[in-house]
$ cat protein25.cif   # mmCIF, C-alpha atoms and all ligand atoms; chains and numbers go by the auth columns
data_upload
#
loop_
_atom_site.group_PDB
_atom_site.id
_atom_site.type_symbol
_atom_site.label_atom_id
_atom_site.label_comp_id
_atom_site.label_asym_id
_atom_site.label_seq_id
_atom_site.Cartn_x
_atom_site.Cartn_y
_atom_site.Cartn_z
_atom_site.B_iso_or_equiv
_atom_site.auth_seq_id
_atom_site.auth_asym_id
ATOM 1 C CA MET A 1 32.684 -54.005 -11.808 0.00 7 A
ATOM 2 C CA SER A 2 34.303 -50.706 -12.739 0.00 8 A
ATOM 3 C CA ASP A 3 32.518 -47.392 -12.112 0.00 9 A
ATOM 4 C CA ARG A 4 35.130 -45.532 -14.085 0.00 10 A
ATOM 5 C CA ILE A 5 33.924 -42.507 -16.023 0.00 11 A
ATOM 6 C CA LEU A 6 35.297 -41.935 -19.491 0.00 12 A
ATOM 7 C CA ASP A 7 35.107 -39.027 -21.909 0.00 13 A
ATOM 8 C CA ILE A 8 34.095 -40.079 -25.390 0.00 14 A
ATOM 9 C CA THR A 9 33.538 -38.261 -28.661 0.00 15 A
ATOM 10 C CA LEU A 10 31.664 -39.776 -31.539 0.00 16 A
ATOM 11 C CA THR A 11 29.280 -38.944 -34.356 0.00 17 A
ATOM 12 C CA VAL A 12 25.660 -39.954 -33.893 0.00 18 A
ATOM 13 C CA ASN A 13 23.270 -39.554 -36.814 0.00 19 A
ATOM 14 C CA GLY A 14 25.606 -37.010 -38.357 0.00 20 A
ATOM 15 C CA GLU A 15 25.962 -34.882 -35.211 0.00 21 A
ATOM 16 C CA PRO A 16 29.146 -34.617 -33.145 0.00 22 A
ATOM 17 C CA VAL A 17 28.665 -35.870 -29.590 0.00 23 A
ATOM 18 C CA ALA A 18 30.968 -35.454 -26.588 0.00 24 A
ATOM 19 C CA GLU A 19 29.822 -37.140 -23.379 0.00 25 A
ATOM 20 C CA ARG A 20 31.017 -38.633 -20.105 0.00 26 A
ATOM 21 C CA VAL A 21 29.972 -42.245 -19.711 0.00 27 A
ATOM 22 C CA GLU A 22 30.425 -45.000 -17.186 0.00 28 A
ATOM 23 C CA ALA A 23 32.923 -47.488 -18.539 0.00 29 A
ATOM 24 C CA ARG A 24 30.347 -50.272 -18.218 0.00 30 A
ATOM 25 C CA LYS A 25 27.455 -48.509 -19.939 0.00 31 A
ATOM 26 C CA THR A 26 26.184 -50.265 -23.036 0.00 32 A
ATOM 27 C CA LEU A 27 25.808 -48.450 -26.324 0.00 33 A
ATOM 28 C CA VAL A 28 22.031 -48.901 -26.388 0.00 34 A
ATOM 29 C CA ASP A 29 21.638 -47.545 -22.853 0.00 35 A
ATOM 30 C CA PHE A 30 23.855 -44.598 -23.771 0.00 36 A
ATOM 31 C CA LEU A 31 21.786 -43.852 -26.864 0.00 37 A
ATOM 32 C CA ARG A 32 18.497 -44.144 -25.011 0.00 38 A
ATOM 33 C CA ASP A 33 19.362 -42.631 -21.634 0.00 39 A
ATOM 34 C CA ASP A 34 21.989 -40.024 -22.461 0.00 40 A
ATOM 35 C CA LEU A 35 20.979 -38.982 -25.987 0.00 41 A
ATOM 36 C CA ALA A 36 17.208 -39.640 -25.749 0.00 42 A
ATOM 37 C CA LEU A 37 17.352 -41.741 -28.916 0.00 43 A
ATOM 38 C CA THR A 38 14.736 -44.216 -27.783 0.00 44 A
ATOM 39 C CA GLY A 39 14.051 -45.782 -31.172 0.00 45 A
ATOM 40 C CA SER A 40 16.608 -48.483 -30.398 0.00 46 A
ATOM 41 C CA HIS A 41 14.884 -50.926 -28.079 0.00 47 A
ATOM 42 C CA VAL A 42 16.155 -53.134 -25.308 0.00 48 A
ATOM 43 C CA GLY A 43 14.780 -56.652 -25.221 0.00 49 A
ATOM 44 C CA CYS A 44 16.921 -59.535 -24.066 0.00 50 A
ATOM 45 C CA GLU A 45 20.035 -57.519 -23.115 0.00 51 A
ATOM 46 C CA HIS A 46 22.282 -60.388 -24.113 0.00 52 A
ATOM 47 C CA GLY A 47 22.604 -60.348 -27.856 0.00 53 A
ATOM 48 C CA VAL A 48 19.757 -62.634 -28.847 0.00 54 A
ATOM 49 C CA CYS A 49 16.687 -60.624 -29.920 0.00 55 A
ATOM 50 C CA GLY A 50 18.117 -57.895 -32.167 0.00 56 A
ATOM 51 C CA ALA A 51 15.837 -55.149 -30.819 0.00 57 A
ATOM 52 C CA CYS A 52 18.882 -52.992 -30.044 0.00 58 A
ATOM 53 C CA THR A 53 20.436 -53.197 -33.530 0.00 59 A
ATOM 54 C CA VAL A 54 22.231 -50.029 -34.687 0.00 60 A
ATOM 55 C CA ARG A 55 24.948 -49.261 -37.206 0.00 61 A
ATOM 56 C CA VAL A 56 28.513 -48.494 -36.083 0.00 62 A
ATOM 57 C CA ASP A 57 31.007 -47.480 -38.755 0.00 63 A
ATOM 58 C CA GLY A 58 28.673 -48.879 -41.392 0.00 64 A
ATOM 59 C CA GLU A 59 28.144 -52.309 -39.827 0.00 65 A
ATOM 60 C CA ILE A 60 25.151 -53.427 -37.799 0.00 66 A
ATOM 61 C CA VAL A 61 25.898 -54.313 -34.199 0.00 67 A
ATOM 62 C CA ARG A 62 24.007 -55.305 -31.079 0.00 68 A
ATOM 63 C CA GLY A 63 23.778 -52.167 -28.977 0.00 69 A
ATOM 64 C CA CYS A 64 23.460 -54.287 -25.842 0.00 70 A
ATOM 65 C CA LEU A 65 26.720 -56.128 -26.497 0.00 71 A
ATOM 66 C CA MET A 66 28.841 -53.085 -27.231 0.00 72 A
ATOM 67 C CA LEU A 67 29.938 -50.547 -24.659 0.00 73 A
ATOM 68 C CA ALA A 68 29.474 -46.853 -25.303 0.00 74 A
ATOM 69 C CA ALA A 69 33.154 -46.407 -24.523 0.00 75 A
ATOM 70 C CA GLN A 70 34.027 -48.716 -27.415 0.00 76 A
ATOM 71 C CA CYS A 71 32.392 -46.202 -29.760 0.00 77 A
ATOM 72 C CA ASP A 72 34.864 -43.446 -28.969 0.00 78 A
ATOM 73 C CA GLY A 73 35.736 -41.998 -32.381 0.00 79 A
ATOM 74 C CA ALA A 74 33.079 -44.023 -34.175 0.00 80 A
ATOM 75 C CA THR A 75 30.155 -43.116 -36.392 0.00 81 A
ATOM 76 C CA VAL A 76 26.882 -44.419 -35.008 0.00 82 A
ATOM 77 C CA GLU A 77 23.578 -44.467 -36.862 0.00 83 A
ATOM 78 C CA THR A 78 20.331 -45.292 -35.142 0.00 84 A
ATOM 79 C CA ILE A 79 16.855 -45.824 -36.506 0.00 85 A
ATOM 80 C CA GLU A 80 16.245 -42.098 -36.021 0.00 86 A
ATOM 81 C CA GLY A 81 19.149 -41.270 -38.330 0.00 87 A
ATOM 82 C CA LEU A 82 18.235 -43.891 -40.912 0.00 88 A
ATOM 83 C CA SER A 83 14.699 -42.586 -40.881 0.00 89 A
ATOM 84 C CA ASP A 84 15.503 -38.861 -40.997 0.00 90 A
ATOM 85 C CA SER A 85 17.934 -39.287 -43.890 0.00 91 A
ATOM 86 C CA GLY A 86 15.292 -41.028 -45.997 0.00 92 A
ATOM 87 C CA GLU A 87 17.611 -44.000 -46.504 0.00 93 A
ATOM 88 C CA ILE A 88 14.933 -46.487 -45.487 0.00 94 A
ATOM 89 C CA ALA A 89 11.802 -44.569 -46.498 0.00 95 A
ATOM 90 C CA ASP A 90 10.841 -47.250 -49.015 0.00 96 A
ATOM 91 C CA LEU A 91 11.290 -50.005 -46.436 0.00 97 A
ATOM 92 C CA GLN A 92 9.208 -48.127 -43.895 0.00 98 A
ATOM 93 C CA LEU A 93 6.420 -47.637 -46.436 0.00 99 A
ATOM 94 C CA ALA A 94 6.532 -51.293 -47.451 0.00 100 A
ATOM 95 C CA PHE A 95 6.323 -52.391 -43.793 0.00 101 A
ATOM 96 C CA GLU A 96 3.271 -50.190 -43.333 0.00 102 A
ATOM 97 C CA GLN A 97 1.565 -51.289 -46.537 0.00 103 A
ATOM 98 C CA ARG A 98 2.159 -55.003 -45.916 0.00 104 A
ATOM 99 C CA ASN A 99 1.363 -54.994 -42.202 0.00 105 A
ATOM 100 C CA ALA A 100 4.892 -56.088 -41.380 0.00 106 A
ATOM 101 C CA LEU A 101 4.651 -54.691 -37.868 0.00 107 A
ATOM 102 C CA GLN A 102 2.173 -54.935 -35.060 0.00 108 A
ATOM 103 C CA CYS A 103 3.475 -53.786 -31.668 0.00 109 A
ATOM 104 C CA GLY A 104 6.571 -52.403 -33.401 0.00 110 A
ATOM 105 C CA TYR A 105 9.008 -53.391 -30.678 0.00 111 A
ATOM 106 C CA CYS A 106 11.219 -55.348 -33.056 0.00 112 A
ATOM 107 C CA THR A 107 10.758 -52.991 -35.999 0.00 113 A
ATOM 108 C CA PRO A 108 13.688 -50.566 -35.617 0.00 114 A
ATOM 109 C CA GLY A 109 16.127 -53.462 -35.346 0.00 115 A
ATOM 110 C CA ILE A 110 14.534 -55.331 -38.217 0.00 116 A
ATOM 111 C CA LEU A 111 14.593 -52.266 -40.468 0.00 117 A
ATOM 112 C CA ALA A 112 18.280 -51.688 -39.727 0.00 118 A
ATOM 113 C CA THR A 113 19.029 -55.347 -40.405 0.00 119 A
ATOM 114 C CA ALA A 114 16.973 -55.386 -43.587 0.00 120 A
ATOM 115 C CA GLN A 115 18.738 -52.296 -44.868 0.00 121 A
ATOM 116 C CA ASP A 116 22.064 -53.956 -44.087 0.00 122 A
ATOM 117 C CA LEU A 117 21.088 -56.776 -46.445 0.00 123 A
ATOM 118 C CA LEU A 118 19.562 -54.595 -49.160 0.00 124 A
ATOM 119 C CA LYS A 119 22.493 -52.220 -49.376 0.00 125 A
ATOM 120 C CA GLN A 120 24.569 -55.162 -50.554 0.00 126 A
ATOM 121 C CA GLY A 121 22.538 -54.901 -53.781 0.00 127 A
ATOM 122 C CA GLY A 122 20.734 -57.437 -55.914 0.00 128 A
ATOM 123 C CA VAL A 123 17.496 -59.198 -55.048 0.00 129 A
ATOM 124 C CA PRO A 124 18.049 -61.700 -52.259 0.00 130 A
ATOM 125 C CA ASP A 125 15.768 -64.746 -52.281 0.00 131 A
ATOM 126 C CA ARG A 126 13.355 -65.318 -49.416 0.00 132 A
ATOM 127 C CA ALA A 127 15.632 -67.844 -47.741 0.00 133 A
ATOM 128 C CA THR A 128 18.474 -65.322 -47.730 0.00 134 A
ATOM 129 C CA ILE A 129 16.207 -62.647 -46.283 0.00 135 A
ATOM 130 C CA ARG A 130 15.107 -65.023 -43.531 0.00 136 A
ATOM 131 C CA GLU A 131 18.695 -66.020 -42.830 0.00 137 A
ATOM 132 C CA HIS A 132 19.792 -62.384 -42.567 0.00 138 A
ATOM 133 C CA LEU A 133 16.914 -61.698 -40.161 0.00 139 A
ATOM 134 C CA SER A 134 17.586 -64.798 -38.090 0.00 140 A
ATOM 135 C CA GLY A 135 19.045 -62.727 -35.267 0.00 141 A
ATOM 136 C CA ASN A 136 15.982 -60.495 -34.992 0.00 142 A
ATOM 137 C CA TYR A 137 13.016 -61.812 -33.064 0.00 143 A
ATOM 138 C CA CYS A 138 9.462 -60.732 -33.761 0.00 144 A
ATOM 139 C CA ARG A 139 6.800 -61.960 -31.339 0.00 145 A
ATOM 140 C CA CYS A 140 3.853 -60.655 -33.344 0.00 146 A
ATOM 141 C CA THR A 141 3.941 -61.031 -37.100 0.00 147 A
ATOM 142 C CA GLY A 142 5.104 -64.554 -37.888 0.00 148 A
ATOM 143 C CA TYR A 143 7.753 -62.987 -40.173 0.00 149 A
ATOM 144 C CA HIS A 144 5.932 -63.697 -43.456 0.00 150 A
ATOM 145 C CA ALA A 145 4.817 -60.103 -44.001 0.00 151 A
ATOM 146 C CA ILE A 146 8.267 -58.849 -43.011 0.00 152 A
ATOM 147 C CA VAL A 147 9.891 -61.013 -45.686 0.00 153 A
ATOM 148 C CA ASP A 148 7.244 -59.877 -48.194 0.00 154 A
ATOM 149 C CA ALA A 149 8.025 -56.227 -47.459 0.00 155 A
ATOM 150 C CA ILE A 150 11.783 -56.642 -47.740 0.00 156 A
ATOM 151 C CA GLU A 151 11.487 -58.698 -50.917 0.00 157 A
ATOM 152 C CA SER A 152 9.247 -56.077 -52.531 0.00 158 A
ATOM 153 C CA VAL A 153 11.724 -53.304 -51.727 0.00 159 A
ATOM 154 C CA ALA A 154 14.634 -55.349 -53.072 0.00 160 A
ATOM 155 C CA GLN A 155 12.728 -55.851 -56.319 0.00 161 A
ATOM 156 C CA ALA A 156 11.755 -52.191 -56.539 0.00 162 A
ATOM 157 C CA ARG A 157 15.312 -51.007 -55.905 0.00 163 A
ATOM 158 C CA ALA A 158 16.538 -53.352 -58.612 0.00 164 A
ATOM 159 C CA GLY A 159 13.962 -51.891 -61.006 0.00 165 A
ATOM 160 C CA LYS A 160 12.054 -55.162 -61.257 0.00 166 A
ATOM 161 C CA ARG A 161 8.730 -53.704 -60.110 0.00 167 A
HETATM 162 S S1 LIG B . 18.510 -56.300 -26.448 0.00 1 B
HETATM 163 FE FE1 LIG B . 20.303 -56.528 -27.620 0.00 1 B
HETATM 164 S S2 LIG B . 20.040 -58.364 -28.739 0.00 1 B
HETATM 165 FE FE2 LIG B . 18.280 -58.253 -27.412 0.00 1 B
HETATM 166 S S1 LIG B . 5.850 -56.367 -34.309 0.00 2 B
HETATM 167 FE FE1 LIG B . 5.714 -56.934 -32.202 0.00 2 B
HETATM 168 S S2 LIG B . 7.627 -57.941 -31.845 0.00 2 B
HETATM 169 FE FE2 LIG B . 7.604 -57.604 -33.971 0.00 2 B
#

$ encode --input "protein25.cif" --output "C-alpha cells"
Amino acid sequence: MSDRILDITLTVNGEPVAERVEARKTLVDFLRDDLALTGSHVGCEHGVCGACTVRVDGEIVRGCLMLAAQCDGATVETIEGLSDSGEIADLQLAFEQRNALQCGYCTPGILATAQDLLKQGGVPDRATIREHLSGNYCRCTGYHAIVDAIESVAQARAGKR
C-alpha cells in the first residue's frame, strides 16, 4: 500500500484547511486525528454502519469509504459544523426531547442523514424516513424514537405543528 504524502487544501466547517496527509488516510481518520473533529465516529470501517457520515460538497458520504486526498478542493461539513451553524438545532432538540439517543455513538451520523432527508423539503412519511436511515445502525434505541423525532421536525418545518 502507498505511503505517499499529499498536500491537500479544503474547507472544513467554513474554515480553510491546508494539510499533509498520507494518500491512504480515510476522511474520517483525517477529521478525527488531524483536525480533532471527533464528532464523526468510526464503527465498522467498511461502509455499513453510518457512524462516520459527513457532508462533502453538500452530499452525505461515508467518511470511512472516502480518502482525505479525494477531498482536495472540497467543502466538508461535520456534525460540529452542522451543530455550530444552528442548521440542525431543531433536530437536536427533538432527539433530546424524544429520547432518540442513548449511548449517542450513532447520533452524529443519524443527524447528518436525517438533515439530508429533511432539506429536500416536504414531510416524508415514516417509511421514507426509515428507508433514508437504512444505512445508519443504532444498537440502542430500536429506531422508533428516532423516526418520531425526525417526523416531528419535518412537520414543524412544514408549519404543520
Ligand atoms: S465507520 Fe463508516 S460506515 Fe461504519
Ligand atoms: S444511541 Fe447507541 S448506537 Fe444509537

$ residues_near_ligand --input "protein25.cif" --ligand "ligand LIG 2 (chain B)" --cutoff "9 Å" --atoms "all atoms listed in the file" --output "ChimeraX atom specification"
/A:57,106-113,116,142-149

$ atom_distance --input "protein25.cif" --atom1 "CA of Val159 in chain A" --atom2 "CA of Asp63 in chain A"
24.0 Å

$ closest_atom_pairs --input "protein25.cif" --of "chain A" --to "ligand LIG 1 (chain B)" --cutoff "8 Å" --atoms "all atoms listed in the file" --output "JSON lines"
{"residue": "A:Val34", "atom": "CA", "partner": "B:LIG1", "partner_atom": "FE1", "distance": 7.9}
{"residue": "A:His47", "atom": "CA", "partner": "B:LIG1", "partner_atom": "S1", "distance": 6.7}
{"residue": "A:Val48", "atom": "CA", "partner": "B:LIG1", "partner_atom": "S1", "distance": 4.1}
{"residue": "A:Gly49", "atom": "CA", "partner": "B:LIG1", "partner_atom": "S1", "distance": 3.9}
{"residue": "A:Cys50", "atom": "CA", "partner": "B:LIG1", "partner_atom": "FE2", "distance": 3.8}
{"residue": "A:Glu51", "atom": "CA", "partner": "B:LIG1", "partner_atom": "S1", "distance": 3.9}
{"residue": "A:His52", "atom": "CA", "partner": "B:LIG1", "partner_atom": "S2", "distance": 5.5}
{"residue": "A:Gly53", "atom": "CA", "partner": "B:LIG1", "partner_atom": "S2", "distance": 3.4}
{"residue": "A:Val54", "atom": "CA", "partner": "B:LIG1", "partner_atom": "S2", "distance": 4.3}
{"residue": "A:Cys55", "atom": "CA", "partner": "B:LIG1", "partner_atom": "FE2", "distance": 3.8}
{"residue": "A:Gly56", "atom": "CA", "partner": "B:LIG1", "partner_atom": "S2", "distance": 4.0}
{"residue": "A:Ala57", "atom": "CA", "partner": "B:LIG1", "partner_atom": "FE2", "distance": 5.2}
{"residue": "A:Cys58", "atom": "CA", "partner": "B:LIG1", "partner_atom": "FE1", "distance": 4.5}
{"residue": "A:Thr59", "atom": "CA", "partner": "B:LIG1", "partner_atom": "FE1", "distance": 6.8}
{"residue": "A:Arg68", "atom": "CA", "partner": "B:LIG1", "partner_atom": "FE1", "distance": 5.2}
{"residue": "A:Gly69", "atom": "CA", "partner": "B:LIG1", "partner_atom": "FE1", "distance": 5.7}
{"residue": "A:Cys70", "atom": "CA", "partner": "B:LIG1", "partner_atom": "FE1", "distance": 4.3}
{"residue": "A:Leu71", "atom": "CA", "partner": "B:LIG1", "partner_atom": "FE1", "distance": 6.5}
{"residue": "A:Gly141", "atom": "CA", "partner": "B:LIG1", "partner_atom": "S2", "distance": 7.9}
{"residue": "A:Asn142", "atom": "CA", "partner": "B:LIG1", "partner_atom": "S2", "distance": 7.8}

$ resolve_selection --input "protein25.cif" --expression "the PyMOL selection byres (((chain A and resi 121-136) around 7) and not hetatm)" --output "list in words"
Ile94, Leu117, Ala118, Thr119, Ala120, Glu137, His138, Leu139, Ser140, Val153, Ala160, Gln161 and Ala164 of chain A

$ resolve_selection --input "protein25.cif" --expression "the PyMOL selection byres (((chain A and resi 22) around 12) and not hetatm)" --output "ChimeraX atom specification"
/A:14-21,23-25,41,78-83

$ atom_distance --input "protein25.cif" --atom1 "CA of Asp35 in chain A" --atom2 "CA of Ile152 in chain A"
26.7 Å

$ atom_distance --input "protein25.cif" --atom1 "CA of Val62 in chain A" --atom2 "CA of Asn105 in chain A"
28.6 Å

$ axis_aligned_box --input "protein25.cif" --around "range 150-153 of chain A" --padding-each-side "6 Å" --output "AutoDock Vina command-line options"
--center_x 7.4 --center_y -61.3 --center_z -44.3 --size_x 17.1 --size_y 16.8 --size_z 14.7

$ closest_residue --input "protein25.cif" --among "A:Asp9, A:Glu28, A:Glu65, A:Glu86" --to "Leu43 in chain A" --atoms "all atoms listed in the file"
A:Glu86
